[in-house]
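The data block below is upload_12.cif; it holds mmCIF, C-alpha atoms.
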```cif
data_target
loop_
_atom_site.label_atom_id
_atom_site.label_comp_id
_atom_site.auth_asym_id
_atom_site.auth_seq_id
_atom_site.Cartn_x
_atom_site.Cartn_y
_atom_site.Cartn_z
CA ALA A 1 0.00 0.00 0.00
CA ALA A 2 1.16 3.55 -0.72
CA GLN A 3 -0.21 7.09 -0.88
CA TYR A 4 0.04 9.83 -3.47
CA SER A 5 -1.71 13.13 -4.14
CA LYS A 6 -4.16 13.58 -7.00
CA ASP A 7 -5.95 16.86 -7.71
CA GLY A 8 -5.17 18.09 -4.21
CA LYS A 9 -6.48 14.99 -2.43
CA SER A 10 -4.71 11.96 -0.97
CA VAL A 11 -5.22 8.63 -2.70
CA LEU A 12 -4.42 5.20 -1.25
CA LEU A 13 -2.95 2.71 -3.74
CA VAL A 14 -3.25 -0.98 -2.92
CA ALA A 15 -1.48 -3.51 -5.12
CA ASN A 16 -2.49 -7.17 -5.16
CA VAL A 17 0.58 -9.37 -5.57
CA SER A 18 -0.32 -12.86 -6.72
CA ASP A 19 2.72 -14.46 -8.38
CA SER A 20 6.23 -15.52 -7.42
CA ASN A 21 7.77 -12.54 -9.20
CA ASN A 22 6.02 -10.13 -6.82
CA ALA A 23 4.35 -8.44 -9.76
CA ALA A 24 1.11 -6.58 -9.06
CA SER A 25 -1.84 -8.25 -10.74
CA ASP A 26 -4.00 -5.18 -10.19
CA ILE A 27 -3.85 -1.83 -8.41
CA ILE A 28 -6.87 -0.31 -6.69
CA GLU A 29 -7.30 3.31 -5.62
CA TYR A 30 -9.20 4.46 -2.51
CA GLY A 31 -10.03 7.97 -1.39
CA SER A 32 -12.36 10.14 0.66
CA ASP A 33 -15.42 8.44 -0.83
CA ASP A 34 -14.23 5.23 0.82
CA GLY A 35 -14.00 6.71 4.31
CA LEU A 36 -10.45 8.05 4.18
CA PRO A 37 -9.56 11.63 5.20
CA MET A 38 -9.14 14.16 2.40
CA MET A 39 -5.42 14.28 3.13
CA PHE A 40 -3.22 11.67 4.77
CA GLY A 41 0.23 10.09 4.57
CA GLY A 42 2.71 7.85 6.35
CA VAL A 43 0.84 4.70 5.31
CA HIS A 44 1.83 1.56 7.21
CA PRO A 45 0.25 -1.90 6.81
CA GLY A 46 -0.99 -3.67 9.92
CA GLU A 47 -2.20 -7.18 10.56
CA GLY A 48 -4.57 -8.66 8.03
CA ASP A 49 -6.38 -5.93 6.10
CA ASP A 50 -5.73 -3.12 8.59
CA ILE A 51 -3.89 -0.03 7.37
CA TYR A 52 -2.54 2.77 9.58
CA PHE A 53 -1.70 6.32 8.54
CA MET A 54 -1.58 9.95 9.67
CA GLY A 55 -4.15 12.46 8.54
CA GLY A 56 -6.72 15.01 9.61
CA SER A 57 -9.83 16.95 8.66
CA PRO A 58 -10.99 20.58 8.92
CA SER A 59 -12.34 19.81 12.42
CA THR A 60 -9.65 17.30 13.47
CA ALA A 61 -5.99 18.03 14.12
CA SER A 62 -3.30 15.66 12.84
CA SER A 63 -4.17 12.15 14.01
CA ILE A 64 -3.23 8.49 13.68
CA TYR A 65 -5.93 6.57 11.84
CA LYS A 66 -6.84 2.94 11.31
CA TRP A 67 -8.77 1.78 8.25
CA ASN A 68 -9.76 -1.71 7.16
CA LEU A 69 -9.41 -2.62 3.52
CA GLN A 70 -12.31 -5.10 3.58
CA SER A 71 -14.91 -3.44 5.77
CA LYS A 72 -13.96 0.08 4.63
CA GLY A 73 -16.24 2.66 6.23
CA GLU A 74 -15.06 5.75 8.11
CA ALA A 75 -11.42 5.56 9.24
CA SER A 76 -11.17 5.45 13.03
CA ILE A 77 -8.92 7.77 15.05
CA LEU A 78 -6.52 5.99 17.41
CA ALA A 79 -4.71 9.08 18.71
CA CYS A 80 -5.00 12.81 18.07
CA SER A 81 -2.33 15.49 18.43
CA SER A 82 -4.79 17.84 20.16
CA GLU A 83 -7.47 17.47 22.80
CA LEU A 84 -9.32 20.55 21.57
CA SER A 85 -12.78 20.04 20.12
CA PHE A 86 -15.23 22.45 18.54
CA ASP A 87 -18.90 22.45 17.63
CA GLU A 88 -19.54 21.65 13.99
CA ASP A 89 -21.42 24.93 13.57
CA LEU A 90 -18.14 26.72 14.24
CA ILE A 91 -15.99 24.84 11.72
CA SER A 92 -15.80 26.02 8.12
CA VAL A 93 -15.29 23.06 5.77
CA PRO A 94 -13.33 24.03 2.66
CA LYS A 95 -14.54 23.66 -0.89
CA GLN A 96 -11.88 22.92 -3.47
CA ILE A 97 -12.05 25.43 -6.30
CA GLU A 98 -10.44 25.95 -9.68
CA PHE A 99 -9.92 29.38 -11.18
CA PRO A 100 -8.40 30.85 -14.35
CA THR A 101 -4.92 32.29 -14.16
CA THR A 102 -2.03 33.27 -16.43
CA LEU A 103 -0.93 29.72 -17.30
CA GLY A 104 -4.37 28.12 -17.39
CA THR A 105 -6.05 26.85 -14.23
CA ALA A 106 -4.93 27.10 -10.60
CA PHE A 107 -6.38 25.53 -7.45
CA GLY A 108 -7.24 26.43 -3.90
CA TYR A 109 -9.54 25.78 -0.96
CA TYR A 110 -12.30 28.26 -0.20
CA TYR A 111 -13.50 28.53 3.39
CA ALA A 112 -16.73 30.47 3.79
CA PRO A 113 -17.34 32.46 6.99
CA LYS A 114 -19.10 30.33 9.60
CA ASN A 115 -20.18 30.79 13.20
CA GLY A 116 -23.43 29.28 14.37
CA LYS A 117 -23.70 31.74 17.24
CA TYR A 118 -24.12 34.71 14.93
CA THR A 119 -26.27 35.67 11.96
CA CYS A 120 -25.02 37.84 9.12
CA THR A 121 -27.17 40.96 8.78
CA THR A 122 -25.88 42.15 5.41
CA ASP A 123 -25.94 40.89 1.84
CA ALA A 124 -22.46 42.23 1.21
CA ALA A 125 -19.72 39.75 0.29
CA PRO A 126 -17.28 38.99 3.13
CA PRO A 127 -13.72 40.23 3.47
CA LEU A 128 -11.19 37.73 2.13
CA LEU A 129 -7.85 36.55 3.49
CA VAL A 130 -5.71 34.77 0.88
CA LYS A 131 -3.10 32.37 2.20
CA ALA A 132 0.11 31.44 0.39
CA HIS A 133 1.78 28.26 1.60
CA GLY A 134 5.51 27.84 2.13
CA GLY A 135 7.91 25.66 0.20
CA PRO A 136 7.36 27.01 -2.37
CA THR A 137 7.16 23.58 -4.06
CA ALA A 138 4.95 22.16 -1.33
CA CYS A 139 1.17 22.29 -0.95
CA THR A 140 -1.45 23.36 1.53
CA GLY A 141 -3.55 20.97 3.61
CA THR A 142 -7.08 20.67 4.94
CA SER A 143 -6.43 19.36 8.46
CA PHE A 144 -7.68 21.53 11.31
CA ASN A 145 -5.93 24.89 11.21
CA ALA A 146 -6.69 27.33 14.01
CA GLY A 147 -5.13 30.09 11.91
CA ILE A 148 -7.92 29.58 9.37
CA GLN A 149 -10.87 28.81 11.64
CA TYR A 150 -10.08 31.87 13.77
CA TRP A 151 -10.83 34.12 10.82
CA THR A 152 -13.79 32.22 9.36
CA SER A 153 -15.49 32.22 12.77
CA ARG A 154 -15.16 36.02 12.78
CA GLY A 155 -16.70 36.77 9.41
CA PHE A 156 -13.76 36.40 7.03
CA ALA A 157 -13.63 34.11 4.03
CA ILE A 158 -10.33 32.31 3.37
CA LEU A 159 -8.72 31.21 0.12
CA ASP A 160 -5.84 28.80 0.72
CA VAL A 161 -4.05 28.72 -2.63
CA ASP A 162 -2.13 25.86 -4.21
CA TYR A 163 -0.42 28.12 -6.73
CA GLY A 164 1.44 26.83 -9.76
CA GLY A 165 4.45 24.82 -8.59
CA SER A 166 2.54 23.11 -5.79
CA THR A 167 2.65 19.34 -5.51
CA GLY A 168 -0.43 17.17 -5.89
CA TYR A 169 -1.65 18.26 -9.33
CA GLY A 170 0.69 16.50 -11.70
CA ARG A 171 4.15 17.03 -13.13
CA ASP A 172 3.32 19.88 -15.51
CA TYR A 173 1.66 21.88 -12.73
CA ARG A 174 4.61 21.23 -10.43
CA ARG A 175 6.98 22.53 -13.11
CA ARG A 176 5.17 25.84 -13.58
CA LEU A 177 7.43 27.45 -11.00
CA ARG A 178 10.65 26.61 -12.84
CA LYS A 179 12.52 29.89 -13.30
CA SER A 180 9.23 31.61 -12.43
CA TRP A 181 9.11 31.94 -8.65
CA GLY A 182 7.96 35.45 -7.92
CA ILE A 183 5.83 35.49 -11.07
CA VAL A 184 3.55 32.45 -11.26
CA ASP A 185 2.81 32.27 -7.54
CA ILE A 186 1.97 35.98 -7.38
CA ASP A 187 -0.20 35.74 -10.50
CA ASP A 188 -2.14 32.86 -8.96
CA VAL A 189 -2.86 34.36 -5.53
CA CYS A 190 -4.07 37.53 -7.22
CA ALA A 191 -6.13 35.60 -9.77
CA GLY A 192 -7.74 33.55 -7.00
CA ALA A 193 -8.81 36.65 -5.10
CA GLU A 194 -10.15 38.31 -8.24
CA TYR A 195 -12.06 35.17 -9.19
CA LEU A 196 -13.85 35.06 -5.83
CA VAL A 197 -14.77 38.74 -6.16
CA LYS A 198 -16.24 38.03 -9.59
CA GLU A 199 -18.22 35.10 -8.14
CA GLY A 200 -19.61 37.30 -5.36
CA LEU A 201 -17.79 35.32 -2.66
CA ALA A 202 -15.46 38.12 -1.56
CA ASP A 203 -15.52 41.90 -1.26
CA GLY A 204 -13.07 43.46 -3.70
CA ASP A 205 -12.43 46.36 -1.35
CA ARG A 206 -11.48 44.09 1.55
CA LEU A 207 -8.86 41.72 0.22
CA CYS A 208 -5.79 40.83 2.27
CA ILE A 209 -3.04 38.21 2.12
CA ASP A 210 -0.60 36.42 4.39
CA GLY A 211 2.03 33.70 4.22
CA GLY A 212 5.12 32.37 5.96
CA SER A 213 8.64 31.81 4.62
CA ALA A 214 8.22 31.26 0.86
CA GLY A 215 4.58 32.23 1.34
CA GLY A 216 5.80 35.41 2.98
CA TYR A 217 7.82 36.11 -0.14
CA THR A 218 4.72 35.65 -2.29
CA THR A 219 2.82 37.94 0.07
CA LEU A 220 5.45 40.68 -0.11
CA GLY A 221 5.68 40.29 -3.87
CA ALA A 222 1.91 40.54 -4.30
CA LEU A 223 1.88 43.75 -2.24
CA ALA A 224 4.93 45.26 -3.96
CA PHE A 225 4.30 44.26 -7.57
CA ARG A 226 0.49 44.14 -7.80
CA ASP A 227 -2.42 46.33 -6.73
CA VAL A 228 -4.97 43.70 -5.64
CA PHE A 229 -4.72 43.51 -1.85
CA LYS A 230 -5.45 46.18 0.75
CA ALA A 231 -3.25 44.74 3.54
CA GLY A 232 -0.93 41.83 4.24
CA THR A 233 1.15 39.96 6.78
CA SER A 234 4.53 38.39 6.12
CA LEU A 235 5.62 35.79 8.64
CA TYR A 236 9.40 35.33 8.41
CA GLY A 237 9.07 36.02 4.69
CA ILE A 238 11.84 36.46 2.16
CA GLY A 239 12.29 40.04 1.02
CA ASP A 240 15.72 39.74 -0.60
CA LEU A 241 16.38 36.80 -2.93
CA THR A 242 20.08 37.62 -3.21
CA ALA A 243 20.43 37.30 0.57
CA LEU A 244 18.63 33.96 0.46
CA ALA A 245 20.90 32.69 -2.31
CA GLY A 246 23.98 33.58 -0.30
CA ASP A 247 22.85 32.38 3.10
CA THR A 248 20.54 29.39 2.67
CA HIS A 249 21.22 26.01 4.28
CA LYS A 250 23.14 23.22 2.54
CA PHE A 251 20.12 21.07 1.66
CA GLU A 252 18.62 23.87 -0.44
CA SER A 253 21.91 25.38 -1.57
CA ARG A 254 21.03 25.22 -5.30
CA TYR A 255 17.25 25.22 -4.91
CA LEU A 256 16.94 28.73 -6.31
CA ASP A 257 18.78 27.81 -9.51
CA GLY A 258 15.64 26.04 -10.66
CA LEU A 259 13.16 28.50 -9.14
CA VAL A 260 14.76 31.78 -10.19
CA GLY A 261 18.04 31.30 -12.08
CA THR A 262 21.72 30.62 -11.51
CA TYR A 263 23.41 32.90 -9.02
CA PRO A 264 25.38 35.14 -9.24
CA GLU A 265 25.20 34.90 -13.05
CA GLU A 266 21.57 36.03 -13.06
CA GLU A 267 21.76 38.43 -10.14
CA ASP A 268 19.72 40.99 -12.06
CA VAL A 269 16.74 38.60 -12.07
CA TYR A 270 17.10 38.07 -8.33
CA LYS A 271 17.05 41.81 -7.70
CA GLU A 272 14.15 42.38 -10.09
CA ARG A 273 12.01 39.88 -8.16
CA SER A 274 13.05 40.96 -4.66
CA PRO A 275 10.32 42.95 -2.88
CA ILE A 276 12.96 44.86 -0.91
CA GLU A 277 13.99 46.50 -4.19
CA SER A 278 10.45 47.85 -4.68
CA VAL A 279 9.48 49.30 -1.31
CA ASP A 280 8.52 52.55 -3.03
CA THR A 281 5.56 50.77 -4.66
CA LEU A 282 4.10 49.62 -1.34
CA SER A 283 1.08 51.67 -0.35
CA CYS A 284 -0.93 49.53 2.10
CA PRO A 285 -0.58 48.36 5.71
CA ILE A 286 1.88 45.47 6.16
CA LEU A 287 2.64 43.50 9.31
CA LEU A 288 6.17 42.01 9.29
CA LEU A 289 6.86 39.22 11.76
CA GLN A 290 10.49 38.11 11.70
CA GLY A 291 12.66 36.07 14.03
CA VAL A 292 16.01 34.33 14.29
CA GLU A 293 14.60 30.96 13.18
CA ASP A 294 12.56 30.42 10.01
CA LYS A 295 9.64 28.59 11.62
#
```
What is this structure when it is put down as structure tokens?
Amino acid sequence: AAQYSKDGKSVLLVANVSDSNNAASDIIEYGSDDGLPMMFGGVHPGEGDDIYFMGGSPSTASSIYKWNLQSKGEASILACSSELSFDEDLISVPKQIEFPTTLGTAFGYYYAPKNGKYTCTTDAAPPLLVKAHGGPTACTGTSFNAGIQYWTSRGFAILDVDYGGSTGYGRDYRRRLRKSWGIVDIDDVCAGAEYLVKEGLADGDRLCIDGGSAGGYTTLGALAFRDVFKAGTSLYGIGDLTALAGDTHKFESRYLDGLVGTYPEEEDVYKERSPIESVDTLSCPILLLQGVEDK
């Protein structure tokens, strides 16, 4: 058994091995329709047809699950990383959306405002907070996130964007960020916000954005190079790509060669895409949260 991501959702692959050469006679896919969480990983076979893995849901923090291949049904939680629990009328469950962008279609998760203790008294569309994940070649998730539910329970809508370059949508989508970090990701977070405004799901005059690390870079870039958002927060974001190229850790020492260009040969590209070089174009409130450690 193994797991992979398909269209932003986790899929369990089970191979039946029936000959002496250990060749798979058939491979079966299982997903959320079979009782599995929308996102999970760390699959480990147990005794018989039991399978164990880690996962979560919008109302459940990261947990260890058990699922039976024969009986199927809802996966059972064996242990949870948090003892917190919330009423269902307080939890906003995301809807996966697709929206048009520069290179075709991009993806994200839309969380509508939700709080059962209050009733909206206006027909106006809600304010929107767009979130840009870190990586940048990673992806967002749908397990319980207090940083999302805090805002949705207070009247904000959330768009958690899997911009071009994110994993989980195929090789071509993953490769969109090649030499294009600081372009494609910014295009996509802006396009997502504008799409929701067009659909009447967000107020165009109350759009804001936040992100951490690489997502902080996308946030700063969107505020410096575009005129879509009214405010933003960068959590330990990257403002200077040349500084990152010269001071990153060994594991990612040549990571930027594929995302931006070779350094220092293409230093002009690094400077062109560094928000710190365009502070004169910033004209909205920004909260900068920075520390010694990038976490």
Atom CA of A:Asp34 to atom CA of A:Cys80, distance in Å rounded to a single decimal: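 Taking atom CA of A:Asp34 and atom CA of A:Cys80, their separation equals 21.0 Å.
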Given the PyMOL selection byres ((chain A and resi 283-289) around 6), the residues it picks as a PyMOL selection string: chain A and resi 230-236+282+290
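Minimum atom-to-atom distance to A:Tyr217, evaluated using only C-alpha atoms, belongs to A:Ala132 out of A:Ala132, A:Val184, A:Cys190, A:Ile148.
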Residue among A:Tyr30, A:Val292, A:Ser57, A:Tyr163 lying closest to A:Gln70, counting all atoms listed in the file: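 Selected residue with least distance to A:Gln70: A:Tyr30.
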Atomic separation - atom CA of A:Glu293 relative to atom CA of A:Ser274, Å: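 Atom CA of A:Glu293 lies at a distance of 20.5 Å from atom CA of A:Ser274.
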The PyMOL selection byres ((chain A and resi 55) around 10) resolved against shown file, as an MDAnalysis selection string: chainID A and resid 10 36:43 52:54 56:57 60:65 77 80 141:143
Residues matched by the PyMOL selection byres ((chain A and resi 28) around 7) as a list in words: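 Written out, the selection comes to Leu13, Val14, Ala15, Asp26, Ile27, Glu29 and Tyr30 of chain A.
Shortest separation to A:Gly116 among A:Leu90, A:Ala157, A:Ile97, A:Ile51 occurs at residue A:Leu90, atoms counted being all atoms listed in the file.
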Counting only C-alpha atoms, give me one row per residue of stretch 73-192 of chain A with an atom at most 7 Å from an atom of stretch 249-267 of chain A, showing the shortest contact pair and its distance in Å to one decimal, sorted by chain then residue number, as CSV.
```
residue,atom,partner,partner_atom,distance
A:Leu177,CA,A:Leu259,CA,6.1
A:Arg178,CA,A:Leu259,CA,4.9
A:Lys179,CA,A:Val260,CA,4.3
A:Ser180,CA,A:Val260,CA,6.0
A:Trp181,CA,A:Leu259,CA,5.3
```
Residue among A:Pro58, A:Gly216, A:Thr122, A:Gln3 lying closest to A:Gly147, counting all atoms listed in the file: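 For A:Gly147, the nearest of the candidates is A:Pro58.
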Using only C-alpha atoms, I'd like a table of the residues in stretch 108-169 of chain A that come within 6 Å of stretch 196-208 of chain A; for each, show the closest atom pair and its distance in Å rounded to one decimal, ordered by chain and ascending number, as CSV.
```
residue,atom,partner,partner_atom,distance
A:Ala125,CA,A:Ala202,CA,4.9
A:Pro126,CA,A:Ala202,CA,5.1
A:Pro127,CA,A:Arg206,CA,4.9
A:Leu128,CA,A:Leu207,CA,5.0
A:Leu129,CA,A:Cys208,CA,4.9
```
Could you save the residues just selected, with C-alpha atoms, as a CSV table (one decimal), keeping the file's coordinate frame?
```
chain,number,residue,atom,x,y,z
A,125,ALA,CA,-19.7,39.8,0.3
A,126,PRO,CA,-17.3,39.0,3.1
A,127,PRO,CA,-13.7,40.2,3.5
A,128,LEU,CA,-11.2,37.7,2.1
A,129,LEU,CA,-7.8,36.6,3.5
```
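Residues lying within 9 Å of A:Lys6, counting only C-alpha atoms and ignoring same-chain neighbours fewer than 4 positions away, are Ser10, Val11, Gly168, Tyr169 and Gly170 of chain A.
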Since we have the selection now, will you write its residues out, keeping C-alpha atoms, as an mmCIF file, keeping the file's coordinate frame?
```
data_model
loop_
_atom_site.group_PDB
_atom_site.id
_atom_site.type_symbol
_atom_site.label_atom_id
_atom_site.label_comp_id
_atom_site.auth_asym_id
_atom_site.auth_seq_id
_atom_site.Cartn_x
_atom_site.Cartn_y
_atom_site.Cartn_z
ATOM 1 C CA SER A 10 -4.710 11.960 -0.970
ATOM 2 C CA VAL A 11 -5.220 8.630 -2.700
ATOM 3 C CA GLY A 168 -0.430 17.170 -5.890
ATOM 4 C CA TYR A 169 -1.650 18.260 -9.330
ATOM 5 C CA GLY A 170 0.690 16.500 -11.700
#
```
Which of A:Ala146, A:Gly104, A:Gly135, A:Gly155 sits closest to A:Lys117 [using all atoms listed in the file]: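 For A:Lys117, the nearest of the candidates is A:Gly155.
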Minimum-distance residue to A:Asn68, chosen among A:Gly239, A:Gly291, A:Gly46, A:Pro94 (using only C-alpha atoms): A:Gly46
Non-local contacts of A:Arg273 (8 Å; only C-alpha atoms; under 2 positions in same chain excluded) as an MDAnalysis selection string: chainID A and resid 182 221 241 269:271 275 277
Point-to-point distance from atom CA of A:Gly164 to atom CA of A:Asp280, Å rounded to tenths: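 Between these atoms lies a distance of 27.5 Å.
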Need the axis-aligned box for stretch 107-125 of chain A with 6 Å each side, so what are the centre and edges in Å to one decimal, as lines of an AutoDock Vina configuration file?
```
center_x = -16.8
center_y = 33.9
center_z = 4.9
size_x = 32.8
size_y = 28.7
size_z = 36.7
```
